[in-house]
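Have a look at the structure below, then the notes.
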Amino acid sequence: YLQSQNYTEPMFVFVIMVIAASRPILEAIQGLIRNAARLLPVDTNLAAFMLTLSVVPLAGSFITEPAAMTLAALILREAFFKHGLKTNLQYATVGALFVNVSIGGTLTPYAAPPVLMVAGKWGWDISHMLLHFGWKSALAVIINALVVTLLFRKEISAKGDLPTDTELQRIPHLVTAINVLFLCTGNSARSILAESILSKDGAGRFRAFSAGSTPKGEVNPFALRTLRAFGYPVEG
């Protein structure tokens, strides 16, 4: 029975989670969260908690939901859970994170599996997703994160401890990113978008590649339309 099963999808999810948990990726996202939190006119720990519980899950629409879950969970562990949060805050955080990751992948037509199954047949492109589902999901994610942050603001502010620049081990840029491989299931949308964007915006600094665990052999037309609309290359 086991040999008759197809393990491509779980293997892909495992690879994505391993890559997301790698030190260069994790510390890069931690740095972005920390810098963004410092720009907000509130307590830095509160801002970081809110951003991790909202922005990272919404990024699942582009980096896949498993990657978003992995990054958010590891950031929350290092900055908050390791410092003795009360049980009720732990449960509230995990619950909000699961919900937000589950609905945060609906900004695009190629991230959430249920959407991916019908988007092509029903003609759902990015604009359709944003107008009909995406803004509602984004609003719900922000509200969920905001409610948890406000309810437990005193404990989050007191016990949060974001890693500083000196505490993070610097990863040489040569190690972090020169050749960047974007992995996807079908290599038809998400990885294609990422490769094209990095190829243009990172020209001279990065070399971008894309691949899929089960390549479809053709690019999603919605992905091509989006790239053309924003002036990114679609050749190659």
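The way I read the labels, and the way they are meant: chains A, B, ... in the order of the structure tokens, residue 1 as the first residue of every chain, and ligand 1 as the first ligand shown, with later ones counted on from there.
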List the neighbours of Asp161 (chain A) out to 9 Å using only C-alpha atoms; skip same-chain residues closer than 6 positions along the sequence, and give me the result as number ranges by chain.
-> A: 45, 78-80, 83
Fewer than 6 positions away in the same chain doesn't count, so skip those; otherwise give me all residues within 7 Å of Ser196 (chain A), counting only C-alpha atoms, as an MDAnalysis selection string.
-> chainID A and resid 232:234
Go ahead and write the selection's residues with C-alpha atoms as a PDB file, in the first residue's frame.
ATOM      1  CA  TYR A 232       8.903  41.939 -15.754  1.00  0.00           C
ATOM      2  CA  PRO A 233      10.472  39.596 -18.327  1.00  0.00           C
ATOM      3  CA  VAL A 234       8.537  36.537 -19.461  1.00  0.00           C
TER       4      VAL A 234
END
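Residues surrounding Cys184 (chain A) within 6 Å are A:Asn187, A:Ser191, A:Gly212 [only C-alpha atoms; sequence separation below 3 positions excluded].
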Generate a file of the selected residues that holds all heavy atoms, formatted as an mmCIF file, in the first residue's frame.
data_model
loop_
_atom_site.group_PDB
_atom_site.id
_atom_site.type_symbol
_atom_site.label_atom_id
_atom_site.label_comp_id
_atom_site.auth_asym_id
_atom_site.auth_seq_id
_atom_site.Cartn_x
_atom_site.Cartn_y
_atom_site.Cartn_z
ATOM 1 N N ASN A 187 5.830 24.452 -11.029
ATOM 2 C CA ASN A 187 6.726 25.362 -11.736
ATOM 3 C C ASN A 187 5.981 26.108 -12.845
ATOM 4 O O ASN A 187 6.464 26.244 -13.968
ATOM 5 C CB ASN A 187 7.914 24.594 -12.328
ATOM 6 C CG ASN A 187 9.027 25.523 -12.810
ATOM 7 O OD1 ASN A 187 9.733 25.212 -13.763
ATOM 8 N ND2 ASN A 187 9.192 26.667 -12.172
ATOM 9 N N SER A 191 6.829 30.055 -8.585
ATOM 10 C CA SER A 191 8.271 30.035 -8.811
ATOM 11 C C SER A 191 8.650 30.853 -10.043
ATOM 12 O O SER A 191 9.704 31.492 -10.072
ATOM 13 C CB SER A 191 8.753 28.591 -8.966
ATOM 14 O OG SER A 191 8.028 27.932 -9.993
ATOM 15 N N GLY A 212 10.143 22.715 -10.255
ATOM 16 C CA GLY A 212 8.937 22.172 -9.639
ATOM 17 C C GLY A 212 9.085 20.697 -9.342
ATOM 18 O O GLY A 212 9.827 19.988 -10.034
#
Spatial neighbours of Leu183 (chain A), 12 Å, only C-alpha atoms, chain gap at least 3 places, as a PDB file with N, CA and C atoms, in the first residue's frame:
ATOM      1  N   MET A  11       6.524  15.567   0.114  1.00  0.00           N
ATOM      2  CA  MET A  11       7.963  15.798  -0.011  1.00  0.00           C
ATOM      3  C   MET A  11       8.244  17.253  -0.351  1.00  0.00           C
ATOM      4  N   PHE A  12       7.408  17.815  -1.225  1.00  0.00           N
ATOM      5  CA  PHE A  12       7.567  19.225  -1.592  1.00  0.00           C
ATOM      6  C   PHE A  12       7.364  20.115  -0.374  1.00  0.00           C
ATOM      7  N   VAL A  13       6.325  19.831   0.418  1.00  0.00           N
ATOM      8  CA  VAL A  13       6.056  20.619   1.624  1.00  0.00           C
ATOM      9  C   VAL A  13       7.239  20.517   2.581  1.00  0.00           C
ATOM     10  N   PHE A  14       7.792  19.320   2.738  1.00  0.00           N
ATOM     11  CA  PHE A  14       8.935  19.123   3.627  1.00  0.00           C
ATOM     12  C   PHE A  14      10.134  19.946   3.164  1.00  0.00           C
ATOM     13  N   VAL A  15      10.416  19.920   1.870  1.00  0.00           N
ATOM     14  CA  VAL A  15      11.553  20.683   1.328  1.00  0.00           C
ATOM     15  C   VAL A  15      11.349  22.175   1.552  1.00  0.00           C
ATOM     16  N   ILE A  16      10.134  22.659   1.291  1.00  0.00           N
ATOM     17  CA  ILE A  16       9.838  24.077   1.474  1.00  0.00           C
ATOM     18  C   ILE A  16      10.048  24.493   2.929  1.00  0.00           C
ATOM     19  N   MET A  17       9.595  23.654   3.870  1.00  0.00           N
ATOM     20  CA  MET A  17       9.737  23.979   5.284  1.00  0.00           C
ATOM     21  C   MET A  17      11.201  23.962   5.714  1.00  0.00           C
ATOM     22  N   VAL A  18      11.972  23.035   5.176  1.00  0.00           N
ATOM     23  CA  VAL A  18      13.400  22.978   5.503  1.00  0.00           C
ATOM     24  C   VAL A  18      14.112  24.222   4.994  1.00  0.00           C
ATOM     25  N   ILE A  19      13.799  24.624   3.771  1.00  0.00           N
ATOM     26  CA  ILE A  19      14.428  25.825   3.204  1.00  0.00           C
ATOM     27  C   ILE A  19      14.038  27.061   4.011  1.00  0.00           C
ATOM     28  N   ALA A  20      12.750  27.169   4.360  1.00  0.00           N
ATOM     29  CA  ALA A  20      12.280  28.325   5.136  1.00  0.00           C
ATOM     30  C   ALA A  20      12.947  28.389   6.496  1.00  0.00           C
ATOM     31  N   PHE A  62       2.383  34.061  -1.522  1.00  0.00           N
ATOM     32  CA  PHE A  62       3.478  34.148  -2.487  1.00  0.00           C
ATOM     33  C   PHE A  62       4.585  33.136  -2.208  1.00  0.00           C
ATOM     34  N   ILE A  63       4.806  32.797  -0.936  1.00  0.00           N
ATOM     35  CA  ILE A  63       5.904  31.889  -0.593  1.00  0.00           C
ATOM     36  C   ILE A  63       5.404  30.511  -0.166  1.00  0.00           C
ATOM     37  N   THR A  64       4.145  30.244  -0.281  1.00  0.00           N
ATOM     38  CA  THR A  64       3.425  29.031   0.123  1.00  0.00           C
ATOM     39  C   THR A  64       3.097  29.076   1.612  1.00  0.00           C
ATOM     40  N   ALA A  67       5.717  27.492   4.134  1.00  0.00           N
ATOM     41  CA  ALA A  67       6.853  28.371   4.409  1.00  0.00           C
ATOM     42  C   ALA A  67       6.458  29.476   5.370  1.00  0.00           C
ATOM     43  N   VAL A 180      19.833  31.701  -6.574  1.00  0.00           N
ATOM     44  CA  VAL A 180      18.600  31.501  -5.817  1.00  0.00           C
ATOM     45  C   VAL A 180      17.661  30.597  -6.605  1.00  0.00           C
ATOM     46  N   GLY A 186       4.207  22.880  -9.434  1.00  0.00           N
ATOM     47  CA  GLY A 186       4.093  22.713 -10.877  1.00  0.00           C
ATOM     48  C   GLY A 186       5.036  23.564 -11.691  1.00  0.00           C
ATOM     49  N   ASN A 187       5.830  24.452 -11.029  1.00  0.00           N
ATOM     50  CA  ASN A 187       6.726  25.362 -11.736  1.00  0.00           C
ATOM     51  C   ASN A 187       5.981  26.108 -12.845  1.00  0.00           C
ATOM     52  N   SER A 188       4.789  26.594 -12.489  1.00  0.00           N
ATOM     53  CA  SER A 188       3.978  27.278 -13.490  1.00  0.00           C
ATOM     54  C   SER A 188       3.513  28.664 -13.048  1.00  0.00           C
ATOM     55  N   ALA A 189       3.651  29.004 -11.766  1.00  0.00           N
ATOM     56  CA  ALA A 189       3.144  30.314 -11.326  1.00  0.00           C
ATOM     57  C   ALA A 189       4.067  30.946 -10.285  1.00  0.00           C
ATOM     58  N   ARG A 190       4.003  30.463  -9.037  1.00  0.00           N
ATOM     59  CA  ARG A 190       4.733  31.122  -7.961  1.00  0.00           C
ATOM     60  C   ARG A 190       6.229  31.183  -8.231  1.00  0.00           C
ATOM     61  N   SER A 191       6.829  30.055  -8.585  1.00  0.00           N
ATOM     62  CA  SER A 191       8.271  30.035  -8.811  1.00  0.00           C
ATOM     63  C   SER A 191       8.650  30.853 -10.043  1.00  0.00           C
ATOM     64  N   ILE A 192       7.778  30.862 -11.050  1.00  0.00           N
ATOM     65  CA  ILE A 192       8.030  31.647 -12.256  1.00  0.00           C
ATOM     66  C   ILE A 192       8.007  33.146 -11.926  1.00  0.00           C
ATOM     67  N   LEU A 193       7.012  33.559 -11.143  1.00  0.00           N
ATOM     68  CA  LEU A 193       6.922  34.957 -10.724  1.00  0.00           C
ATOM     69  C   LEU A 193       8.181  35.372  -9.962  1.00  0.00           C
ATOM     70  N   ALA A 194       8.583  34.550  -9.005  1.00  0.00           N
ATOM     71  CA  ALA A 194       9.749  34.885  -8.184  1.00  0.00           C
ATOM     72  C   ALA A 194      11.019  34.956  -9.027  1.00  0.00           C
ATOM     73  N   GLU A 195      11.192  34.000  -9.935  1.00  0.00           N
ATOM     74  CA  GLU A 195      12.389  33.993 -10.777  1.00  0.00           C
ATOM     75  C   GLU A 195      12.461  35.250 -11.640  1.00  0.00           C
ATOM     76  N   ALA A 208      18.719  33.929 -10.664  1.00  0.00           N
ATOM     77  CA  ALA A 208      17.487  33.269 -10.221  1.00  0.00           C
ATOM     78  C   ALA A 208      17.167  32.064 -11.100  1.00  0.00           C
ATOM     79  N   PHE A 209      16.656  31.029 -10.472  1.00  0.00           N
ATOM     80  CA  PHE A 209      16.231  29.811 -11.156  1.00  0.00           C
ATOM     81  C   PHE A 209      14.909  29.362 -10.549  1.00  0.00           C
ATOM     82  N   SER A 210      14.188  28.541 -11.268  1.00  0.00           N
ATOM     83  CA  SER A 210      12.943  27.991 -10.726  1.00  0.00           C
ATOM     84  C   SER A 210      12.818  26.529 -11.123  1.00  0.00           C
ATOM     85  N   ALA A 211      12.076  25.780 -10.316  1.00  0.00           N
ATOM     86  CA  ALA A 211      11.881  24.352 -10.588  1.00  0.00           C
ATOM     87  C   ALA A 211      10.609  23.900  -9.886  1.00  0.00           C
ATOM     88  N   GLY A 212      10.143  22.715 -10.255  1.00  0.00           N
ATOM     89  CA  GLY A 212       8.937  22.172  -9.639  1.00  0.00           C
ATOM     90  C   GLY A 212       9.085  20.697  -9.342  1.00  0.00           C
ATOM     91  N   SER A 213       8.386  20.241  -8.308  1.00  0.00           N
ATOM     92  CA  SER A 213       8.439  18.821  -7.966  1.00  0.00           C
ATOM     93  C   SER A 213       7.704  17.981  -9.006  1.00  0.00           C
ATOM     94  N   THR A 214       6.645  18.530  -9.578  1.00  0.00           N
ATOM     95  CA  THR A 214       5.917  17.867 -10.673  1.00  0.00           C
ATOM     96  C   THR A 214       5.615  18.924 -11.731  1.00  0.00           C
ATOM     97  N   PRO A 215       6.600  19.292 -12.530  1.00  0.00           N
ATOM     98  CA  PRO A 215       6.436  20.383 -13.502  1.00  0.00           C
ATOM     99  C   PRO A 215       5.287  20.127 -14.478  1.00  0.00           C
TER     100      PRO A 215
END
Tell me, as a ChimeraX atom specification, which residues lie within 12 Å of Leu116 (chain A), counting only C-alpha atoms; anything in the same chain fewer than 4 positions away does not count.
-> /A:61,64,105-112,120-126,129,185-186,188-190,220,222
Out of region 3-234 of chain A, which residues get strand (DSSP E) from DSSP, as a ChimeraX atom specification?
-> /A:179-184,207-212
Which polymer residues have any atom within 10 Å of an atom of Met50 (chain A), counting only C-alpha atoms, with same-chain residues fewer than 2 positions away left out, as a list in words?
->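 Listing them by chain and then by number gives Ile33, Ala37, Thr44, Asn45, Leu46, Ala47, Ala48, Thr52, Leu53, Ser54, Val55, Val56, Ile142, Ile143, Asn144, Ala145, Leu146, Val147, Val148, Thr149 and Leu150 of chain A.
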Length of the CA of Val42 (chain A) to CA of Leu162 (chain A) vector [Å] =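 Those two atoms sit 14.7 Å apart.
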Computed interatomic separation between CA of Leu58 (chain A) and CA of Ala138 (chain A) (Å) =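 Value for the CA of Leu58 (chain A)-CA of Ala138 (chain A) distance: 6.9 Å.
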Suppose you want the space between CA of Gly60 (chain A) and CA of Val115 (chain A); what is it in Å?
-> 13.3 Å
Which one is closest to Ala92 (chain A): A:Leu32, A:Ile178, A:Leu151, A:Leu71? Count only C-alpha atoms.
->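 Selected residue with least distance to Ala92 (chain A): A:Leu151.
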